[in-house]
Amino acid sequence: MGKDLKGRELGKGISQEKNGLYSARYVDKLGTRRHKRFKKLQECRKWIADSTYINEHSDISAPAEMLVDSWFEYWISIKKKTVRYNTVRNYRERYKHNIQPVIGKMVLSEVKPLHCQLIFNQMAEKGYRTSTIYQTRIALFNMLEFARENDVICRNPCKRSVKSDMGKPSQKKEALTKEVQKVFLEYATGQSCENQYRFVLQTGLRTGELVGLKWEDIDFSKKTMNIQRSMEYRHSTGEWRVGEPKSKSGYRVVPLTDEAISILKDQKIKNKKIKVIPMEWNEFVFLCRKGTPVKNSTYDTALSKICDKAGISHFSMHILRHTFATRCIEAGMKPKTLQTLLGHSNIGITMNLYVHTTEEEKQREIDLVADALKVI
């Protein structure tokens with residue numbers, strides 16, 4: 001037992017130094033000495049109690065007795081090797097903000113359906129959208145399912161009876177109408193990102209694919225574009241991150257319209273006017289006046305300003321991708337072809353999320369079958 005400066009016992013692993021600070025020490029399972037100092041005795045006792053408890057419940061050789069926190073770190077370390085960086089980042093965010101506060105310090109095998117339900121209930125009470133709650137459910141279910149598949153727990157407590165279809169309704173993402181698209185392009189003319197906005201409306205690229213596009217990906221003679229990377233700026237680390245497309249289907253060759261070719265040629269001329277382009281960015285297509293790629297968030301910020309000037313509702317970069325898809329279907333493109341152009345692995349994603357039927361389109365389609373509907 002350690003003692004304070006007056007000789008009073010403080011508890012195992014705790015002592016008071018001559019400078020008045022309280023010192024906590026213990027040896028973890030790997031034989032490493034852990035040591036930390038505190039001004040207050042209460043904080044010191046809490047730290048050593050929490051740390052020793054976590055140390056006792058973080059052994060993968062006895063996984064059922066692990067804390068959920070420790071199991072998550074083990075699970076996510078494996079996920080890092082099999083899924084994209086953005087997926088891992090999303091899992092971490094949902095765990096840190098929503099799952100960990102409720103069950104992080106629980107023993108894995110003691111998590112029940114009611115604890116899972118509490119996670120979603122609290123999210124709904126805090127005003128989270130249904131889509132975010134569903135994303136949290138995916139992370140929670142997958143983490144616990146990995147434990148079940150490895151015989152760490154008998155059943156996955158995040159079962160069907162646990163309801164997550166709650167929270168604020170998700171904002172409906174609809175493509176721009178032809179009229180709004182025309183107004184938007186009028187006000188986008190002359191803006192710094194005009195070429196990028198017009199290019200997405202001609203190709204349906206994701207923002208990350210647009211940012212990561214290089215001149216070597218463009219074949220002007222064949223009028224094609226090879227999508228083979230995605231890039232984004234991470235504000236949390238202050239660095240650019242280059243990665244693979246969203247899925248295997250993301251690797252694709254996209255045929256280019258004459259207008260898309262014209263936009264690229266104009267961008268070449270625009271880039272030549274940039275005074276200094278760092279060597280690392282010389283091969284990238286869409287650069288800002290500083291000679292660096294445009295940050296992903298900058299596109300949406302600039303879009304908002306254009307929308308304000310045009311007097312139209314705000315929308316994100318992704319809506320331009322939606323709009324491209326809708327214009328293609330309206331023009332008679334086969335859904336399977338559109339799926340390939342967008343880089344979707346499932347045609348259901350293409351039709352359910354990216355293609356929006358306008359009132360004009362519905363009227364045109366019903367006119368086509370009007371004769372067949374007559375039975376008199």
# chains A, B, ... in the order shown; residues from 1 in each chain; ligands from 1
$ closest_atom_pairs --of "stretch 234-314 of chain A" --to "stretch 164-180 of chain A" --cutoff "10 Å" --atoms "only C-alpha atoms" --output "CSV"
residue,atom,partner,partner_atom,distance
A:Ala310,CA,A:Val180,CA,9.3
A:Gly311,CA,A:Val180,CA,9.9
A:Ile312,CA,A:Val180,CA,7.4
A:Ser313,CA,A:Val180,CA,9.2
$ residues_around --residues "A:Arg84" --least-positions-apart "6" --cutoff "12 Å" --atoms "only C-alpha atoms" --output "PyMOL selection string"
chain A and resi 76+78+90-91+229-230+241-248
$ residues_around --residues "stretch 329-344 of chain A" --least-positions-apart "6" --cutoff "6 Å" --atoms "only C-alpha atoms" --output "PyMOL selection string"
chain A and resi 249-250+254+350
$ residues_around --residues "stretch 93-110 of chain A" --least-positions-apart "4" --cutoff "7 Å" --atoms "only C-alpha atoms" --output "PyMOL selection string"
chain A and resi 64-69+89+119+136+153
$ select_by_dssp --residues "stretch 239-326 of chain A" --states "strand (DSSP E)" --output "PyMOL selection string"
chain A and resi 239-243+252-255
$ residues_around --residues "A:Ile218" --least-positions-apart "6" --cutoff "12 Å" --atoms "only C-alpha atoms" --output "PyMOL selection string"
chain A and resi 224-228+253-256+260-261+264-265+268+283-285
$ write_last_selection --atoms "N, CA and C atoms" --output "PDB file, in the first residue's frame"
ATOM      1  N   THR A 224     -12.056   8.930 -74.076  1.00  0.00           N
ATOM      2  CA  THR A 224     -12.385   8.133 -72.895  1.00  0.00           C
ATOM      3  C   THR A 224     -11.613   8.647 -71.682  1.00  0.00           C
ATOM      4  N   MET A 225     -12.086   8.236 -70.522  1.00  0.00           N
ATOM      5  CA  MET A 225     -11.464   8.613 -69.254  1.00  0.00           C
ATOM      6  C   MET A 225     -11.370   7.372 -68.379  1.00  0.00           C
ATOM      7  N   ASN A 226     -10.211   7.116 -67.833  1.00  0.00           N
ATOM      8  CA  ASN A 226      -9.971   5.927 -67.011  1.00  0.00           C
ATOM      9  C   ASN A 226      -9.999   6.310 -65.531  1.00  0.00           C
ATOM     10  N   ILE A 227     -10.980   5.817 -64.799  1.00  0.00           N
ATOM     11  CA  ILE A 227     -11.089   6.124 -63.373  1.00  0.00           C
ATOM     12  C   ILE A 227     -10.368   5.045 -62.577  1.00  0.00           C
ATOM     13  N   GLN A 228      -9.324   5.450 -61.848  1.00  0.00           N
ATOM     14  CA  GLN A 228      -8.538   4.457 -61.110  1.00  0.00           C
ATOM     15  C   GLN A 228      -8.078   4.927 -59.734  1.00  0.00           C
ATOM     16  N   VAL A 253     -13.868   2.648 -67.323  1.00  0.00           N
ATOM     17  CA  VAL A 253     -13.546   3.538 -68.435  1.00  0.00           C
ATOM     18  C   VAL A 253     -14.833   4.261 -68.819  1.00  0.00           C
ATOM     19  N   VAL A 254     -14.795   5.583 -68.794  1.00  0.00           N
ATOM     20  CA  VAL A 254     -15.982   6.388 -69.067  1.00  0.00           C
ATOM     21  C   VAL A 254     -15.816   7.097 -70.415  1.00  0.00           C
ATOM     22  N   PRO A 255     -16.733   6.858 -71.359  1.00  0.00           N
ATOM     23  CA  PRO A 255     -16.674   7.589 -72.634  1.00  0.00           C
ATOM     24  C   PRO A 255     -17.015   9.057 -72.404  1.00  0.00           C
ATOM     25  N   LEU A 256     -16.363   9.948 -73.152  1.00  0.00           N
ATOM     26  CA  LEU A 256     -16.546  11.372 -72.951  1.00  0.00           C
ATOM     27  C   LEU A 256     -17.346  12.015 -74.079  1.00  0.00           C
ATOM     28  N   ALA A 260     -17.592  17.370 -72.797  1.00  0.00           N
ATOM     29  CA  ALA A 260     -16.619  16.998 -71.763  1.00  0.00           C
ATOM     30  C   ALA A 260     -15.194  17.207 -72.280  1.00  0.00           C
ATOM     31  N   ILE A 261     -14.963  16.839 -73.535  1.00  0.00           N
ATOM     32  CA  ILE A 261     -13.647  17.047 -74.148  1.00  0.00           C
ATOM     33  C   ILE A 261     -13.325  18.536 -74.208  1.00  0.00           C
ATOM     34  N   LEU A 264     -12.265  19.815 -70.840  1.00  0.00           N
ATOM     35  CA  LEU A 264     -10.894  19.408 -70.504  1.00  0.00           C
ATOM     36  C   LEU A 264      -9.869  20.271 -71.234  1.00  0.00           C
ATOM     37  N   LYS A 265     -10.128  20.564 -72.476  1.00  0.00           N
ATOM     38  CA  LYS A 265      -9.203  21.404 -73.252  1.00  0.00           C
ATOM     39  C   LYS A 265      -9.144  22.807 -72.662  1.00  0.00           C
ATOM     40  N   LYS A 268      -6.986  22.711 -69.592  1.00  0.00           N
ATOM     41  CA  LYS A 268      -5.558  22.698 -69.925  1.00  0.00           C
ATOM     42  C   LYS A 268      -5.045  24.127 -70.089  1.00  0.00           C
ATOM     43  N   GLU A 283       0.439  16.780 -62.670  1.00  0.00           N
ATOM     44  CA  GLU A 283      -0.320  15.865 -63.533  1.00  0.00           C
ATOM     45  C   GLU A 283      -1.815  15.858 -63.255  1.00  0.00           C
ATOM     46  N   PHE A 284      -2.246  16.600 -62.251  1.00  0.00           N
ATOM     47  CA  PHE A 284      -3.663  16.601 -61.908  1.00  0.00           C
ATOM     48  C   PHE A 284      -4.430  17.589 -62.782  1.00  0.00           C
ATOM     49  N   VAL A 285      -5.655  17.222 -63.135  1.00  0.00           N
ATOM     50  CA  VAL A 285      -6.441  17.999 -64.096  1.00  0.00           C
ATOM     51  C   VAL A 285      -7.006  19.279 -63.498  1.00  0.00           C
TER      52      VAL A 285
END
$ residues_around --residues "stretch 192-208 of chain A" --least-positions-apart "5" --cutoff "6 Å" --atoms "only C-alpha atoms" --output "CSV table (one decimal) with all heavy atoms, in the first residue's frame"
chain,number,residue,atom,x,y,z
A,230,SER,N,-9.2,7.8,-56.1
A,230,SER,CA,-10.1,8.8,-55.5
A,230,SER,C,-9.2,9.5,-54.5
A,230,SER,O,-8.3,9.0,-53.9
A,230,SER,CB,-11.2,8.1,-54.7
A,230,SER,OG,-12.0,9.0,-54.1
A,231,MET,N,-9.4,10.8,-54.4
A,231,MET,CA,-8.6,11.6,-53.5
A,231,MET,C,-9.4,12.6,-52.7
A,231,MET,O,-10.4,13.2,-53.2
A,231,MET,CB,-7.5,12.3,-54.4
A,231,MET,CG,-6.4,13.0,-53.5
A,231,MET,SD,-5.0,13.5,-54.6
A,231,MET,CE,-5.7,15.1,-55.2
A,232,GLU,N,-9.0,12.8,-51.5
A,232,GLU,CA,-9.7,13.8,-50.6
A,232,GLU,C,-8.7,14.5,-49.7
A,232,GLU,O,-7.6,13.9,-49.3
A,232,GLU,CB,-10.8,13.2,-49.8
A,232,GLU,CG,-10.3,12.2,-48.8
A,232,GLU,CD,-11.5,11.6,-47.9
A,232,GLU,OE1,-12.6,12.2,-48.0
A,232,GLU,OE2,-11.3,10.6,-47.2
A,260,ALA,N,-17.6,17.4,-72.8
A,260,ALA,CA,-16.6,17.0,-71.8
A,260,ALA,C,-15.2,17.2,-72.3
A,260,ALA,O,-14.3,17.7,-71.5
A,260,ALA,CB,-16.8,15.5,-71.3
A,320,LEU,N,-25.1,16.9,-58.3
A,320,LEU,CA,-24.7,17.0,-59.7
A,320,LEU,C,-24.6,15.6,-60.3
A,320,LEU,O,-24.9,15.3,-61.5
A,320,LEU,CB,-23.4,17.8,-59.9
A,320,LEU,CG,-23.4,19.2,-59.4
A,320,LEU,CD1,-22.1,19.9,-59.6
A,320,LEU,CD2,-24.5,20.0,-60.2
A,321,ARG,N,-24.0,14.7,-59.5
A,321,ARG,CA,-23.9,13.2,-60.0
A,321,ARG,C,-25.3,12.7,-60.2
A,321,ARG,O,-25.6,12.0,-61.2
A,321,ARG,CB,-23.1,12.5,-59.0
A,321,ARG,CG,-23.0,11.0,-59.2
A,321,ARG,CD,-22.0,10.4,-58.2
A,321,ARG,NE,-22.1,9.0,-58.0
A,321,ARG,CZ,-21.4,8.0,-58.7
A,321,ARG,NH1,-20.7,8.4,-59.8
A,321,ARG,NH2,-21.6,6.8,-58.4
A,324,PHE,N,-26.8,14.0,-63.4
A,324,PHE,CA,-26.2,13.4,-64.6
A,324,PHE,C,-27.0,12.1,-64.8
A,324,PHE,O,-27.4,11.8,-66.0
A,324,PHE,CB,-24.7,13.1,-64.4
A,324,PHE,CG,-24.2,12.0,-65.3
A,324,PHE,CD1,-23.8,12.4,-66.6
A,324,PHE,CD2,-24.0,10.7,-64.9
A,324,PHE,CE1,-23.3,11.5,-67.5
A,324,PHE,CE2,-23.5,9.8,-65.8
A,324,PHE,CZ,-23.1,10.1,-67.1
$ atom_distance --atom1 "atom CA of A:Leu144" --atom2 "atom CA of A:Asn156"
5.8 Å
$ atom_distance --atom1 "atom CA of A:Trp281" --atom2 "atom CA of A:Ser316"
25.3 Å
$ atom_distance --atom1 "atom CA of A:Leu140" --atom2 "atom CA of A:Cys116"
8.2 Å
$ select_by_dssp --residues "stretch 139-346 of chain A" --states "helix (DSSP H, G or I)" --output "PyMOL selection string"
chain A and resi 139-149+178-188+194-203+207-211+215-217+248-250+258-272+279-281+296-310+317-330+335-342
$ closest_residue --among "A:Lys36, A:His314, A:Arg92, A:Arg289" --to "A:Ile274" --atoms "only C-alpha atoms"
A:Arg289
$ closest_residue --among "A:Glu259, A:Val27, A:Cys307, A:Leu41" --to "A:Asp4" --atoms "only C-alpha atoms"
A:Leu41
